[in-house]
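Trainee: After the structure tokens below, expect a handful of questions from me.
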Amino acid sequence: MHTNLQLTANGKLQHLLTIDGLPRHVILEILDTAKVYINPETHEIQKVPLLSGKTIFNLFFENSTRTRTTFEIAAKRLSADVVNLNINTSSLSKGETLLDTVNNLVAMQASMFVIRHNESGAVHLIAQHIAPHIKVINAGDGRHAHPTQALLDLFTIRHFRSDFTKLRIAIVGDILHSRVARSDILALNTIGVAEVRVIGPNTLLPTNAEQLGVRVFHDMEQGLRDVDVIIILRLQNERMSGSLLPSPQEYFKSYGLTPERLLLANPDALVMHPGPMNRGVEIDSAVADGPNSVILAQVTFGIAVRMAVMSILMRES
Amino acid sequence: MHTNLQLTANGKLQHLLTIDGLPRHVILEILDTAKVYINPETHEIQKVPLLSGKTIFNLFFENSTRTRTTFEIAAKRLSADVVNLNINTSSLSKGETLLDTVNNLVAMQASMFVIRHNESGAVHLIAQHIAPHIKVINAGDGRHAHPTQALLDLFTIRHFRSDFTKLRIAIVGDILHSRVARSDILALNTIGVAEVRVIGPNTLLPTNAEQLGVRVFHDMEQGLRDVDVIIILRLQNERMSGSLLPSPQEYFKSYGLTPERLLLANPDALVMHPGPMNRGVEIDSAVADGPNSVILAQVTFGIAVRMAVMSILMRES
Amino acid sequence: MHTNLQLTANGKLQHLLTIDGLPRHVILEILDTAKVYINPETHEIQKVPLLSGKTIFNLFFENSTRTRTTFEIAAKRLSADVVNLNINTSSLSKGETLLDTVNNLVAMQASMFVIRHNESGAVHLIAQHIAPHIKVINAGDGRHAHPTQALLDLFTIRHFRSDFTKLRIAIVGDILHSRVARSDILALNTIGVAEVRVIGPNTLLPTNAEQLGVRVFHDMEQGLRDVDVIIILRLQNERMSGSLLPSPQEYFKSYGLTPERLLLANPDALVMHPGPMNRGVEIDSAVADGPNSVILAQVTFGIAVRMAVMSILMRES
């Protein structure tokens with residue numbers, strides 16, 4: 001059900017809600033479009049008048065200055081008007097529903113919503129409800145999906161390694177609670193890579209991990225061997241002192257990406273991280289700032305990918 | 001004194017502070033201008049370059065994300081630059097006055113202020129003080145006035161019922177503490193309707209209600225009989241557990257607008273609400289989402305009405 | 001070291017970090033450029049398309065709505081896109097450094113950062129770190145520097161008194177903790193005035209004050225005699241109940257600028273204040289609103305001076 005909600009009857013992009021069920025050709029169209037926005041020599045992104053006169057709402061029910069800013073910049077580079085709304089779900093007016101809030105913003109002539117919500121499925125609920133000419137982008141919902149992060153990860157990998165089909169890619173960390181990991185695994189399998197690996201302790205891996213189309217490793221050294229891309233996940237603060245993990249120091253000992261461990265991967269392996277980094281917890285500073293790191297390139301490409309999604313969505317309307 | 005502050009010597013609009021004393025021809029000019037901004041077929045509002053290069057400050061001393069957003073969008077649709085300032089009155093710098101704050105913003109080359117303040121009269125004080133080429137719009141002050149809400153209510157009624165003169169209009173709820181009710185009653189009587197009714201318990205009606213030019217009803221069923229428009233007021237949260245009302249449930253029993261009660265009004269009666277709604281307190285969801293409801297149309301028309309006020313004010317300068 | 005960081009090898013402005021070491025010709029170029037943005041008759045500032053397509057980040061690690069707004073308006077008058085980020089340093093993600101945050105924003109294609117930080121030197125640290133085509137403006141760092149305030153003070157003085165060389169200028173208040181005082185003293189001495197005086201109690205003056213190139217007065221009446229310009233500093237709230245001062249009332253008795261004391265200065269002496277004012281503490285209302293006060297002109301000129309700095313910085317790139 002959710003799968004089709006984001007596509008029109010003709011198979012074109014209607015909303016961007018999840019990577020789950022997103023066809024390969026749509027993913028490739030987004031990556032190709034994003035490329036156009038980046039000056040190949042300077043890597044600068046020019047301002048274009050494509051969405052001039054349109055109003056885009058950044059509707060953040062979960063605080064994330066960083067992600068909100070990337071969408072704000074992408075929208076402004078497309079010349080749209082941007083309205084930022086940080087809504088504390090606990091203070092939502094008693095008696096008014098989430099859909100009342102959204103209906104009101106639609107009535108204010110919104111063209112598009114970029115929504116982050118702490119509950120999985122809330123963004124689907126909104127997309128299901130509103131008129132079809134209003135577009136919705138999921139900027140992260142609960143543990144469910146973070147599709148633009150997965151798309152920018154694909155874009156980054158393709159930028160540095162033209163051929164996906166031969167790549168071995170490892171995702172390291174808290175796979176169980178990570179919407180980034182879920183979306184990355186789906187995207188990499190849709191696009192078609194040689195192998196997706198997940199590396200982490202038993203407590204931070206889903207029980208049915210193999211069914212996601214990945215090889216499971218509990219040992220960091222084994223998992224990194226001969227990989228071409230390493231995606232390090234952020235260890236959420238609430239995980240650090242919980243029952244699932246002994247301590248950040250212990251985690252670093254077992255799963256922190258150090259220069260020594262990086263040597264086990266292919267020599268030109270890409271190191272990626274969705275940010276913000278916990279230096280000394282999931283990644284050593286020498287690796288984060290080292291020659292294999294493409295972490296800041298991910299941020300730049302993220303602007304272009306979000307511009308691509310926005311312009312494709314508005315074109316369809 | 002306040003009455004004339006918003007008009008020039010020639011009777012043109014200088015500020016929009018209150019409906020009290022606003023001439024009928026000025027109200028009609030605002031409604032006519034607003035109509036121009038709305039595409040008659042799509043109901044969309046186009047962006048126009050009228051206020052390009054002007055800076056509009058949203059100066060909110062009382063928090064209201066919804067109202068602030070409507071003014072922000074209206075200003076951006078007119079191509080103005082918008083600066084949002086949420087000022088916590090309790091943290092105003094010791095020693096600096098409200099007028100110091102305003103003077104500073106004027107010196108930053110403000111063209112217009114949209115001001116919400118929790119104290120009645122604060123917006124007049126500011127308009128009285130500043131140079132005449134700076135325009136002020138009252139976005140709600142204390143229990144006093146909310147003129148743009150009244151104007152958008154008029155616009156909505158006129159959109160659906162072309163002839164005001166034969167209409168019977170009921171306003172339901174906490175008339176005593178409501179700036180929306182005060183402004184609506186003044187606007188409807190200025191424009192000239194057949195009858196304005198107010199419906200509510202004794203504790204939520206002003207003692208001199210009849211002197212406002214309304215018929216008073218304490219019984220909901222009686223008050224709704226044969227009306228053409230029903231304006232439901234929001235029951236403020238602080239009223240719900242106070243000494244003036246027994247409980248939200250009791251309120252709904254006596255004054256909630258249910259489908260059964262709606263049958264007492266004319267069959268095509270318009271149901272209006274300034275938002276945000278307390279579903280199940282002052283209005284039943286079946287009515288809020290039913291065929292008589294024009295609540296979301298009010299929001300859209302509110303953008304056009306605010307654009308009209310802004311463009312008329314700037315034209316005069 | 002810091003001195004040269006803000007100049008290119010050719011002596012052109014690369015960043016604006018401090019007045020310390022800023023050459024006289026660069027200061028004059030900024031003042032001359034600012035003048036162009038002000039309509040000589042109306043004192044209005046027109047919008048120009050100079051920085052269209054550029055993105056400027058207001059990065060405020062210390063809250064200051066007023067200063068942030070002046071930079072926001074200056075950037076919008078230059079047609080830049082502005083992104084406001086208020087970052088609570090105490091909630092900076094554990095493990096992520098200040099430079100990680102800045103690197104991320106650079107990767108989002110920032111053209112310029114306007115930075116306020118509560119620690120002296122933090123803005124230099126950032127300027128030192130980032131790529132040379134990204135520009136940095138110090139909007140106040142700790143007790144160290146507030147260069148745009150000093151430049152707008154110079155601009156204001158020059159606007160009303162064309163010849164700097166004969167002016168006697170007194171700065172009154174908490175010189176010890178004030179970045180405004182530090183920057184003003186450096187700017188006035190660079191530009192070349194007849195005399196800079198500082199007036200304040202021993203506890204609020206640096207021990208080596210004379211070495212800054214100023215004459216020191218502990219007595220307000222003596223210090224004001226025959227001066228042409230009086231710059232009153234804001235008494236910070238934390239100073240008012242500390243061990244350095246008996247009370248705000250005592251301070252006003254000794255150092256408050258009253259109409260009587262103003263008579264000791266030259267008759268057309270300019271009264272300046274960086275704002276926000278503590279009326280009745282460091283300045284009497286009759287003086288703040290009197291004919292000698294140019295306090296609001298400072299605010300207007302501040303927009304033009306910030307536009308000048310921004311446009312000069314972007315021109316160099």
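The chains in the structure tokens are called A, B, ... from first to last as shown; in each chain the residues are counted from 1, and the ligands are counted from 1 in the order shown.
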When the cut-off is 10 Å and we count only C-alpha atoms, which residues of chain A are near chain B, given as a count of residues only?

Mentor: 26

Trainee: So which bits of range 54-227 of chain B end up strand (DSSP E or B) when you DSSP the backbone, as a ChimeraX atom specification?

Mentor: /B:55-60,81-86,112-117,135-141,145,168-172,195-199,215-217

Trainee: Would you write out those residues with C-alpha atoms, as a tab-separated table (two decimals), in the first residue's frame?

Mentor:
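part03.tsv written:
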```tsv
chain	number	residue	atom	x	y	z
B	55	THR	CA	10.97	44.71	4.56
B	56	ILE	CA	8.07	43.53	6.72
B	57	PHE	CA	8.63	42.60	10.35
B	58	ASN	CA	6.42	40.01	12.01
B	59	LEU	CA	6.67	41.22	15.59
B	60	PHE	CA	5.01	38.63	17.80
B	81	ASP	CA	11.44	40.45	2.56
B	82	VAL	CA	10.11	39.10	5.85
B	83	VAL	CA	11.85	39.12	9.22
B	84	ASN	CA	10.23	37.08	11.99
B	85	LEU	CA	10.78	38.23	15.57
B	86	ASN	CA	9.30	36.34	18.48
B	112	MET	CA	5.65	47.61	7.85
B	113	PHE	CA	5.04	45.89	11.18
B	114	VAL	CA	2.64	43.03	11.73
B	115	ILE	CA	2.19	42.96	15.48
B	116	ARG	CA	0.58	40.55	17.89
B	117	HIS	CA	0.59	41.47	21.56
B	135	LYS	CA	2.62	50.93	8.45
B	136	VAL	CA	1.18	48.82	11.27
B	137	ILE	CA	-1.15	45.84	11.06
B	138	ASN	CA	-2.76	44.52	14.21
B	139	ALA	CA	-2.51	40.73	14.17
B	140	GLY	CA	-4.41	40.45	17.45
B	141	ASP	CA	-4.02	42.42	20.68
B	145	ALA	CA	-9.23	43.39	18.18
B	168	ARG	CA	-28.70	36.10	9.84
B	169	ILE	CA	-25.38	35.27	11.43
B	170	ALA	CA	-24.77	33.56	14.78
B	171	ILE	CA	-21.51	33.72	16.74
B	172	VAL	CA	-21.24	30.93	19.29
B	195	GLU	CA	-29.12	40.17	12.15
B	196	VAL	CA	-26.12	39.28	14.27
B	197	ARG	CA	-26.73	36.85	17.10
B	198	VAL	CA	-24.45	35.78	19.90
B	199	ILE	CA	-24.98	32.46	21.64
B	215	ARG	CA	-29.43	39.56	19.71
B	216	VAL	CA	-28.45	37.48	22.70
B	217	PHE	CA	-29.29	33.80	23.06
```

Trainee: Tell me, which residues of range 38-94 of chain B carry DSSP helix (DSSP H, G or I), written as an MDAnalysis selection string?

Mentor: chainID B and resid 65:77 89:91

Trainee: Let's have the selection written as a compact mmCIF listing (two decimals), in the first residue's frame, with N, CA and C atoms.

Mentor:
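Once written, out_9.txt looks like this:
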```
# COMPACT_ATOMS: atom_id res chain seq x y z
N THR B 65 2.12 30.51 15.95
CA THR B 65 2.76 30.04 14.73
C THR B 65 1.81 30.14 13.54
N ARG B 66 0.55 29.82 13.76
CA ARG B 66 -0.40 29.79 12.65
C ARG B 66 -0.61 31.19 12.05
N THR B 67 -0.93 32.15 12.90
CA THR B 67 -1.20 33.49 12.40
C THR B 67 0.07 34.10 11.80
N ARG B 68 1.19 33.90 12.46
CA ARG B 68 2.46 34.43 11.95
C ARG B 68 2.75 33.86 10.57
N THR B 69 2.48 32.57 10.38
CA THR B 69 2.73 31.94 9.09
C THR B 69 1.86 32.52 8.00
N THR B 70 0.59 32.82 8.30
CA THR B 70 -0.29 33.39 7.25
C THR B 70 0.23 34.75 6.82
N PHE B 71 0.69 35.56 7.75
CA PHE B 71 1.24 36.86 7.37
C PHE B 71 2.57 36.70 6.62
N GLU B 72 3.37 35.75 7.06
CA GLU B 72 4.65 35.50 6.37
C GLU B 72 4.41 35.11 4.91
N ILE B 73 3.44 34.24 4.69
CA ILE B 73 3.15 33.80 3.33
C ILE B 73 2.57 34.94 2.51
N ALA B 74 1.66 35.71 3.11
CA ALA B 74 1.07 36.85 2.38
C ALA B 74 2.17 37.81 1.94
N ALA B 75 3.12 38.11 2.84
CA ALA B 75 4.20 39.04 2.51
C ALA B 75 5.10 38.48 1.41
N LYS B 76 5.39 37.18 1.49
CA LYS B 76 6.26 36.58 0.48
C LYS B 76 5.56 36.51 -0.88
N ARG B 77 4.24 36.31 -0.88
CA ARG B 77 3.51 36.32 -2.15
C ARG B 77 3.54 37.70 -2.80
N THR B 89 7.88 38.93 26.08
CA THR B 89 7.78 40.20 26.82
C THR B 89 8.41 40.10 28.19
N SER B 90 8.37 38.91 28.77
CA SER B 90 8.93 38.80 30.12
C SER B 90 10.45 38.94 30.09
N SER B 91 11.06 38.72 28.93
CA SER B 91 12.52 38.81 28.88
C SER B 91 12.97 40.07 28.14
```

Trainee: So that I can see what lies close to Thr190 in chain C, please list as a list in words the residues with an atom at most 9 Å from it, counting only C-alpha atoms and leaving out residues fewer than 5 positions away in the same chain.

Mentor: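 My reading of the contact set: Ile19, Asp20, Gly21, Leu22, Pro23, Arg24, Ile27 and Ile185 of chain C.
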
Trainee: State, in Å with one decimal place, the distance from CA of His218 in chain C to CA of Pro291 in chain C.

Mentor: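 Answer for the CA of His218 in chain C to CA of Pro291 in chain C separation: 26.5 Å.
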
Trainee: Taking only C-alpha atoms into account, which of C:Leu188, C:Thr18, C:Val294, C:Ala9 comes nearest His159 in chain C?

Mentor: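 Among C:Leu188, C:Thr18, C:Val294, C:Ala9, it is C:Val294 that comes nearest to His159 in chain C.
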